[in-house]
Amino acid sequence: MRRFNKYFTILVFIFLYIPMVVLAVASFNKGMDIAVFKGFTLSRYKELFQDDTLLMLLRNSLIIAVLSSLIATVLGTAAALGIFRMRGRLRSAVMTVTNIPMTNPEIVTGVSMALLFAFLGMMLRINSILGFWTLLIAHITFNLPYIILNVMPKLAQMDPDLTEAALDLGCTPTQAFFKVTLHEIMPGIVSGALMAFTMSLDDFVISYFVTGSGFVTLPVEIYSYTKKPIQPKVYAMFTLMFLVILILMVTMNLLQARDRSKRRKVAAVRRRGI
Amino acid sequence: MKSKWLSGPYILWMVLFTIVPLGVVLYYALTDSITGEFTLANLANFVDYWPIFLRSIWLSIFATLICLLIGYPVAYYIAHCKPTTQRLLQMLIMLPMCMSFLLRTLAWVALLDDTGIINNFIRTLGLSPLPLIRNNGAVILGMVYNYLPYMILPLYTVIMKIDPRLIEAAQDLGCNSRRVFTRVTLPLSVPGIVSGITMVFVPAVSTFYISQKLGSPGTILIGDVIESQFKAAYNPNLGAALSLVLMVLIFVCVGIMNRFTSEDAEESMVTL
């Protein structure tokens with residue numbers, strides 16, 4: 001049974017990675033047709049770095065992803081600290097609202113924000129309200145739950161005695177927060193921020209509904225590409241982004257592993273102490 | 001406590017950009033597109049789209065079940081690996097979730113197309129090409145491919161946390177491995193199954209890109225209809241009404257399922 005599971009798992013991983021292999025191979029293809037390999041070339045990568053529009057779209061996506069994940073991280077971490085102190089009905093009400101963007105289908109979130117902005121535009125008599133700011137607001141909104149859901153468990157894991165010890169040793173509450181609490185919940189903040197960043201970088205559905213002609217991100221542009229024949233340099237960009245995200249994930253993994261081994265050490269020290 | 005106020009900006013933000021927009025959807029759904037007066041006509045229109053709703057639901061139920069059948073053995077296998085291997089495999093499951101799903105779906109088009117990679121290969125073998133694309137099967141494949149990681153991850157998290165002592169106890173009490181699985185492992189993985197089903201079904205039923213690329217004009221889904229109300233036909237009032245129906249439908253489906261499983265979980269606790 002275990003043997004069967006092993007081969008089955010390998011097959012599923014092949015299934016998951018085949019399309020990405022197809023795209024990576026296509027980025028080295030001399031021919032234009034993705035289905036026919038006509039020889040190896042690196043010129044797609046050269047073309048990519050000479051294409052100013054494509055690089056500008058990538059820059060737009062990165063700007064939105066960095067800004068929205070940073071703002072969401074600050075707002076979300078503060079919120080998690082507050083929610084953690086809440087009790088009963090208030091807490092479950094806030095958590096229900098936090099879960100709305102997670103459980104609602106993306107298309108409904110996109111439509112609802114598009115309509116909100118359309119409504120605001122009508123009220124304020126602005127013709128083209130859709131653009132950078134609407135995109136940023138939408139991305140912050142769907143990033144916030146990722147931060148909160150990553151930070152809350154770290155707060156619950158934290159030993160409350162630590163903050164008290166810091167206060168007893170003469171820290172002001174602000175100092176205790178920055179020296180102890182923040183340090184303890186940092187792994188949660190980092191993994192939440194990284195998750196938000198990747199979600200934002202790759203978001204298509206919600207962006208598609210709240211974007212205007214003035215400010216377009218990469219996934220939205222790729223969607224419009226797919227109606228006309230796609231240029232192979234887009235595959236080159238996909239392959240490079242794959243590598244970047246791979247590096248990001250390995251880093252995250254190592255951070256978590258370090259955090260875990262540190263926790264084990266702390267636990268061992270504590271056992272010996274008592 | 002003063003720190004309660006730390007969540008003030010967040011709550012304000014969520015009210016403004018999550019709850020108010022849903023109110024605006026309701027407003028658009030209940031008003032006429034030209035006169036702006038109150039009307040139920042938009043909502044009543046959904047009867048015309050009922051067959052499309054049904055098709056979306058059937059295709060995504062199919063895709064969700066396939067994801068469950070494929071995902072469970074994989075999650076089970078990963079959960080029983082060494083911790084370092086577990087982390088590596090978990091990362092490999094998450095990696096595709098972060099890559100552009102538009103391009104990955106396009107890669108499937110390249111694979112399945114009539115002049116695509118698979119059919120080119122079949123031709124070199126001297127066989128006649130297969131109709132792999134522009135049918136319901138291709139849409140289901142696209143859904144399974146895109147949302148399988150969302151099934152595997154929650155299943156893995158739950159299976160990993162099952163106390164091995166429970167399995168040992170069942171074995172000591174004379175269960176064979178099949179009974180251990182049906183009596184202990186499976187009931188204890190119900191929470192993971194439920195969240196996996198929700199995480200696959202919700203995006204699958206509302207998708208609009210997969211059906212455009214892998215389906216035919218005859219297999220459009222409700223997501224396609226909603227999208228076209230905003231981007232092509234421009235009737236936001238009808239689009240809002242359909243979104244509202246979709247949201248309520250999903251809410252009901254998820255609600256029913258949660259109900260099911262909380263009773264189920266209690267029962268399994270009793271039989272244990």
# chains A, B, ... in the order shown; residues from 1 in each chain; ligands from 1
>>> residues_around(residues="Val12 (chain A)", least_positions_apart="5", cutoff="12 Å", atoms="only C-alpha atoms", output="JSON, numbers by chain")
{"A": [5, 6, 7, 17, 18], "B": [67, 69, 70, 71, 72, 73, 74, 75, 77, 89, 92, 93, 144, 145, 148, 149, 152]}
>>> residues_around(residues="Lys161 (chain B)", least_positions_apart="6", cutoff="10 Å", atoms="only C-alpha atoms", output="list in words")
Ala79, Leu188 and Ser189 of chain B
>>> closest_residue(among="B:Thr157, B:Asn135, B:Thr124, B:Ser56", to="Leu246 (chain B)", atoms="only C-alpha atoms")
B:Ser56
>>> select_by_dssp(residues="region 49-177 of chain B", states="alpha helix (DSSP H)", output="count of residues only")
101
>>> closest_atom_pairs(of="chain A", to="chain B", cutoff="6 Å", atoms="only C-alpha atoms", output="Markdown table")
| residue | atom | partner | partner_atom | distance |
| --- | --- | --- | --- | --- |
| A:Thr9 | CA | B:Val74 | CA | 5.1 |
| A:Pro19 | CA | B:Ala107 | CA | 5.1 |
| A:Ala35 | CA | B:Ile117 | CA | 5.0 |
| A:Ala78 | CA | B:Leu6 | CA | 5.3 |
| A:Ala79 | CA | B:Ser7 | CA | 3.7 |
| A:Gly82 | CA | B:Lys4 | CA | 4.2 |
| A:Pro105 | CA | B:Pro203 | CA | 5.7 |
| A:Val108 | CA | B:Ser243 | CA | 5.8 |
| A:Ser112 | CA | B:Pro21 | CA | 4.9 |
| A:Met113 | CA | B:Pro21 | CA | 5.6 |
| A:Leu116 | CA | B:Pro21 | CA | 5.2 |
| A:Asp202 | CA | B:Ser100 | CA | 5.6 |
>>> write_last_selection(atoms="N, CA and C atoms", output="mmCIF file, in the first residue's frame")
data_model
loop_
_atom_site.group_PDB
_atom_site.id
_atom_site.type_symbol
_atom_site.label_atom_id
_atom_site.label_comp_id
_atom_site.auth_asym_id
_atom_site.auth_seq_id
_atom_site.Cartn_x
_atom_site.Cartn_y
_atom_site.Cartn_z
ATOM 1 N N THR A 9 1.963 9.243 -5.640
ATOM 2 C CA THR A 9 2.377 10.611 -5.306
ATOM 3 C C THR A 9 3.334 11.159 -6.363
ATOM 4 N N PRO A 19 2.882 21.210 -16.831
ATOM 5 C CA PRO A 19 2.668 22.478 -17.534
ATOM 6 C C PRO A 19 3.807 23.461 -17.332
ATOM 7 N N ALA A 35 4.083 24.278 -29.111
ATOM 8 C CA ALA A 35 3.951 22.818 -29.212
ATOM 9 C C ALA A 35 5.072 22.177 -30.035
ATOM 10 N N ALA A 78 -1.118 44.725 13.817
ATOM 11 C CA ALA A 78 -1.784 45.514 14.863
ATOM 12 C C ALA A 78 -3.157 44.921 15.152
ATOM 13 N N ALA A 79 -3.876 44.560 14.091
ATOM 14 C CA ALA A 79 -5.216 44.004 14.265
ATOM 15 C C ALA A 79 -5.154 42.692 15.027
ATOM 16 N N GLY A 82 -4.802 43.235 18.633
ATOM 17 C CA GLY A 82 -6.067 43.687 19.211
ATOM 18 C C GLY A 82 -7.061 42.551 19.336
ATOM 19 N N PRO A 105 -16.025 33.676 -3.254
ATOM 20 C CA PRO A 105 -15.291 33.461 -4.503
ATOM 21 C C PRO A 105 -14.635 34.756 -4.957
ATOM 22 N N VAL A 108 -16.631 37.292 -6.923
ATOM 23 C CA VAL A 108 -17.594 38.108 -6.179
ATOM 24 C C VAL A 108 -16.869 39.249 -5.474
ATOM 25 N N SER A 112 -17.670 43.027 -6.308
ATOM 26 C CA SER A 112 -18.175 43.915 -5.266
ATOM 27 C C SER A 112 -17.297 45.153 -5.143
ATOM 28 N N MET A 113 -15.971 44.982 -5.275
ATOM 29 C CA MET A 113 -15.115 46.160 -5.178
ATOM 30 C C MET A 113 -15.259 47.046 -6.413
ATOM 31 N N LEU A 116 -18.307 49.016 -5.885
ATOM 32 C CA LEU A 116 -18.082 50.064 -4.877
ATOM 33 C C LEU A 116 -17.378 51.255 -5.515
ATOM 34 N N ASP A 202 0.581 37.452 -7.995
ATOM 35 C CA ASP A 202 -0.024 36.539 -8.966
ATOM 36 C C ASP A 202 -1.512 36.782 -9.154
#
>>> residues_around(residues="Gln212 (chain B)", least_positions_apart="4", cutoff="9 Å", atoms="only C-alpha atoms", output="list in words")
Arg134, Val139, Phe208, Ser216, Pro217, Thr219, Ile220, Leu221 and Asp224 of chain B
>>> write_last_selection(atoms="N, CA and C atoms", output="short mmCIF file (atom, residue, chain, number, x, y, z; two decimals), in the first residue's frame")
data_model
loop_
_atom_site.label_atom_id
_atom_site.label_comp_id
_atom_site.auth_asym_id
_atom_site.auth_seq_id
_atom_site.Cartn_x
_atom_site.Cartn_y
_atom_site.Cartn_z
N ARG B 134 -11.72 21.53 -25.53
CA ARG B 134 -13.04 22.07 -25.86
C ARG B 134 -14.18 21.09 -25.58
N VAL B 139 -12.40 20.90 -19.17
CA VAL B 139 -12.67 21.90 -18.13
C VAL B 139 -12.46 21.29 -16.75
N PHE B 208 -13.75 31.56 -14.41
CA PHE B 208 -14.18 31.95 -15.75
C PHE B 208 -13.06 31.81 -16.77
N SER B 216 -15.62 24.81 -24.56
CA SER B 216 -16.14 25.29 -25.83
C SER B 216 -17.22 26.32 -25.52
N PRO B 217 -17.69 27.08 -26.53
CA PRO B 217 -18.76 28.03 -26.26
C PRO B 217 -19.98 27.35 -25.62
N THR B 219 -19.85 25.18 -23.28
CA THR B 219 -19.62 24.81 -21.89
C THR B 219 -19.30 26.03 -21.03
N ILE B 220 -19.90 27.20 -21.33
CA ILE B 220 -19.59 28.36 -20.51
C ILE B 220 -20.14 28.14 -19.10
N LEU B 221 -19.48 28.76 -18.13
CA LEU B 221 -19.87 28.62 -16.74
C LEU B 221 -20.42 29.95 -16.25
N ASP B 224 -18.19 32.95 -16.40
CA ASP B 224 -18.08 33.59 -17.71
C ASP B 224 -19.19 34.60 -17.92
#
>>> atom_distance(atom1="CA of Asp51 (chain A)", atom2="CA of Met195 (chain A)")
28.6 Å
>>> residues_around(residues="region 183-193 of chain A", least_positions_apart="5", cutoff="12 Å", atoms="only C-alpha atoms", output="VMD selection string")
chain A and resid 65 to 78 80 to 81 140 143 to 160 162 to 163 175 to 178 198 to 200 248 to 260 262 to 263
>>> atom_distance(atom1="CA of Leu249 (chain B)", atom2="CA of Leu30 (chain B)")
17.6 Å
>>> residues_around(residues="Glu47 (chain A)", least_positions_apart="3", cutoff="10 Å", atoms="only C-alpha atoms", output="CSV table (one decimal) with N, CA and C atoms, in the first residue's frame")
chain,number,residue,atom,x,y,z
A,42,LEU,N,18.8,31.3,-26.3
A,42,LEU,CA,18.6,32.1,-25.1
A,42,LEU,C,18.0,33.5,-25.5
A,43,SER,N,17.7,33.7,-26.8
A,43,SER,CA,17.4,35.0,-27.2
A,43,SER,C,16.1,35.5,-26.6
A,44,ARG,N,15.2,34.6,-26.2
A,44,ARG,CA,13.9,35.0,-25.5
A,44,ARG,C,14.2,35.8,-24.3
A,50,GLN,N,14.8,43.5,-23.2
A,50,GLN,CA,14.8,44.7,-24.0
A,50,GLN,C,13.4,45.2,-24.2
A,51,ASP,N,12.4,44.5,-23.7
A,51,ASP,CA,11.0,44.8,-23.8
A,51,ASP,C,10.6,45.8,-22.7
A,52,ASP,N,10.5,47.1,-23.0
A,52,ASP,CA,10.3,48.0,-21.9
A,52,ASP,C,8.8,47.9,-21.3
A,232,PRO,N,6.9,34.5,-27.0
A,232,PRO,CA,7.7,33.5,-26.2
A,232,PRO,C,8.4,34.2,-25.0
A,233,LYS,N,8.7,35.5,-25.1
A,233,LYS,CA,9.4,36.1,-24.0
A,233,LYS,C,8.6,36.1,-22.7
A,234,VAL,N,7.3,35.9,-22.8
A,234,VAL,CA,6.5,35.8,-21.6
A,234,VAL,C,6.9,34.5,-20.9
A,236,ALA,N,9.8,33.2,-20.9
A,236,ALA,CA,11.1,33.4,-20.3
A,236,ALA,C,10.9,34.1,-18.9
>>> closest_residue(among="A:Phe84, A:Trp133, A:Phe142, A:Phe4", to="Thr103 (chain A)", atoms="only C-alpha atoms")
A:Phe142
>>> closest_residue(among="A:Val210, A:Ala118, A:Met1, A:Val216", to="Thr134 (chain A)", atoms="only C-alpha atoms")
A:Val210
>>> atom_distance(atom1="CA of Ser61 (chain A)", atom2="CA of Pro219 (chain A)")
8.3 Å
>>> residues_around(residues="Asn60 (chain A)", least_positions_apart="6", cutoff="12 Å", atoms="only C-alpha atoms", output="PyMOL selection string")
chain A and resi 53-54+66-68+131-132+135-136+200-201+211+214-221
>>> write_last_selection(atoms="C-alpha atoms", output="PDB file, in the first residue's frame")
ATOM      1  CA  THR A  53       6.480  47.471 -21.712  1.00  0.00           C
ATOM      2  CA  LEU A  54       6.843  43.985 -20.256  1.00  0.00           C
ATOM      3  CA  VAL A  66       5.372  45.262  -2.127  1.00  0.00           C
ATOM      4  CA  LEU A  67       3.174  48.181  -1.049  1.00  0.00           C
ATOM      5  CA  SER A  68       0.037  46.128  -0.422  1.00  0.00           C
ATOM      6  CA  GLY A 131      -6.319  52.606 -11.488  1.00  0.00           C
ATOM      7  CA  PHE A 132      -3.413  52.493  -9.081  1.00  0.00           C
ATOM      8  CA  LEU A 135      -5.813  48.245  -7.237  1.00  0.00           C
ATOM      9  CA  LEU A 136      -3.805  48.977  -4.093  1.00  0.00           C
ATOM     10  CA  SER A 200      -0.683  39.829  -4.647  1.00  0.00           C
ATOM     11  CA  LEU A 201       1.973  39.317  -7.313  1.00  0.00           C
ATOM     12  CA  THR A 211      -7.908  47.834 -12.799  1.00  0.00           C
ATOM     13  CA  GLY A 214      -3.865  53.830 -16.502  1.00  0.00           C
ATOM     14  CA  PHE A 215      -2.220  51.184 -14.345  1.00  0.00           C
ATOM     15  CA  VAL A 216      -2.094  47.542 -15.445  1.00  0.00           C
ATOM     16  CA  THR A 217      -0.348  44.645 -13.736  1.00  0.00           C
ATOM     17  CA  LEU A 218       1.339  41.691 -15.372  1.00  0.00           C
ATOM     18  CA  PRO A 219      -1.375  39.018 -14.874  1.00  0.00           C
ATOM     19  CA  VAL A 220      -4.063  41.329 -16.263  1.00  0.00           C
ATOM     20  CA  GLU A 221      -1.925  42.007 -19.322  1.00  0.00           C
TER      21      GLU A 221
END
>>> closest_residue(among="B:Ser211, B:Val245, B:Ile122, B:Glu168", to="Arg55 (chain B)", atoms="only C-alpha atoms")
B:Ser211
>>> decode(residues="region 9-47 of chain A", atoms="N, CA and C atoms", output="compact mmCIF listing (two decimals), in the first residue's frame")
# COMPACT_ATOMS: atom_id res chain seq x y z
N THR A 9 1.96 9.24 -5.64
CA THR A 9 2.38 10.61 -5.31
C THR A 9 3.33 11.16 -6.36
N ILE A 10 4.26 10.31 -6.81
CA ILE A 10 5.20 10.76 -7.85
C ILE A 10 4.43 11.15 -9.11
N LEU A 11 3.44 10.32 -9.49
CA LEU A 11 2.63 10.63 -10.68
C LEU A 11 1.91 11.97 -10.52
N VAL A 12 1.35 12.21 -9.32
CA VAL A 12 0.62 13.47 -9.10
C VAL A 12 1.57 14.66 -9.20
N PHE A 13 2.79 14.49 -8.66
CA PHE A 13 3.76 15.60 -8.77
C PHE A 13 4.13 15.86 -10.22
N ILE A 14 4.24 14.77 -11.01
CA ILE A 14 4.52 14.96 -12.44
C ILE A 14 3.37 15.74 -13.08
N PHE A 15 2.14 15.35 -12.76
CA PHE A 15 0.95 16.03 -13.27
C PHE A 15 0.99 17.52 -12.92
N LEU A 16 1.38 17.83 -11.66
CA LEU A 16 1.40 19.23 -11.22
C LEU A 16 2.48 20.03 -11.93
N TYR A 17 3.59 19.37 -12.27
CA TYR A 17 4.72 20.14 -12.80
C TYR A 17 4.84 20.12 -14.32
N ILE A 18 4.10 19.22 -15.00
CA ILE A 18 4.21 19.13 -16.47
C ILE A 18 3.97 20.48 -17.17
N PRO A 19 2.88 21.21 -16.83
CA PRO A 19 2.67 22.48 -17.53
C PRO A 19 3.81 23.46 -17.33
N MET A 20 4.42 23.42 -16.14
CA MET A 20 5.51 24.36 -15.88
C MET A 20 6.75 23.96 -16.68
N VAL A 21 6.96 22.65 -16.82
CA VAL A 21 8.07 22.19 -17.65
C VAL A 21 7.84 22.64 -19.10
N VAL A 22 6.58 22.49 -19.57
CA VAL A 22 6.25 22.92 -20.94
C VAL A 22 6.62 24.39 -21.13
N LEU A 23 6.26 25.24 -20.15
CA LEU A 23 6.54 26.68 -20.28
C LEU A 23 8.03 26.95 -20.22
N ALA A 24 8.74 26.25 -19.32
CA ALA A 24 10.17 26.47 -19.20
C ALA A 24 10.88 26.07 -20.49
N VAL A 25 10.49 24.92 -21.06
CA VAL A 25 11.10 24.48 -22.32
C VAL A 25 10.78 25.49 -23.42
N ALA A 26 9.54 25.99 -23.43
CA ALA A 26 9.14 26.95 -24.46
C ALA A 26 9.98 28.21 -24.39
N SER A 27 10.50 28.55 -23.19
CA SER A 27 11.29 29.78 -23.08
C SER A 27 12.66 29.63 -23.76
N PHE A 28 13.06 28.40 -24.05
CA PHE A 28 14.33 28.19 -24.76
C PHE A 28 14.11 27.80 -26.22
N ASN A 29 12.85 27.91 -26.68
CA ASN A 29 12.49 27.43 -28.02
C ASN A 29 12.77 28.49 -29.08
N LYS A 30 13.41 28.07 -30.17
CA LYS A 30 13.67 29.00 -31.27
C LYS A 30 12.39 29.36 -32.01
N GLY A 31 11.49 28.37 -32.15
CA GLY A 31 10.25 28.60 -32.89
C GLY A 31 9.22 29.37 -32.07
N MET A 32 8.18 29.87 -32.74
CA MET A 32 7.14 30.64 -32.06
C MET A 32 6.08 29.72 -31.44
N ASP A 33 5.86 28.53 -32.04
CA ASP A 33 4.79 27.64 -31.59
C ASP A 33 5.25 26.87 -30.36
N ILE A 34 4.47 26.98 -29.30
CA ILE A 34 4.82 26.34 -28.02
C ILE A 34 4.86 24.81 -28.16
N ALA A 35 4.08 24.28 -29.11
CA ALA A 35 3.95 22.82 -29.21
C ALA A 35 5.07 22.18 -30.04
N VAL A 36 5.85 22.98 -30.78
CA VAL A 36 6.89 22.40 -31.63
C VAL A 36 8.24 22.98 -31.23
N PHE A 37 9.16 22.12 -30.79
CA PHE A 37 10.48 22.60 -30.37
C PHE A 37 11.41 22.64 -31.58
N LYS A 38 11.91 23.86 -31.89
CA LYS A 38 12.70 24.02 -33.11
C LYS A 38 14.17 24.28 -32.84
N GLY A 39 14.63 24.02 -31.63
CA GLY A 39 16.04 24.26 -31.34
C GLY A 39 16.22 25.20 -30.16
N PHE A 40 17.40 25.13 -29.52
CA PHE A 40 17.66 25.85 -28.27
C PHE A 40 18.13 27.28 -28.55
N THR A 41 17.62 28.22 -27.78
CA THR A 41 18.10 29.60 -27.88
C THR A 41 17.91 30.31 -26.55
N LEU A 42 18.78 31.29 -26.29
CA LEU A 42 18.61 32.12 -25.10
C LEU A 42 18.04 33.49 -25.48
N SER A 43 17.74 33.67 -26.79
CA SER A 43 17.38 35.01 -27.24
C SER A 43 16.07 35.50 -26.62
N ARG A 44 15.19 34.57 -26.15
CA ARG A 44 13.93 35.01 -25.51
C ARG A 44 14.21 35.82 -24.26
N TYR A 45 15.30 35.42 -23.55
CA TYR A 45 15.65 36.15 -22.33
C TYR A 45 16.20 37.53 -22.67
N LYS A 46 16.94 37.58 -23.78
CA LYS A 46 17.46 38.87 -24.23
C LYS A 46 16.29 39.78 -24.62
N GLU A 47 15.36 39.21 -25.40
CA GLU A 47 14.17 39.97 -25.81
C GLU A 47 13.41 40.50 -24.60
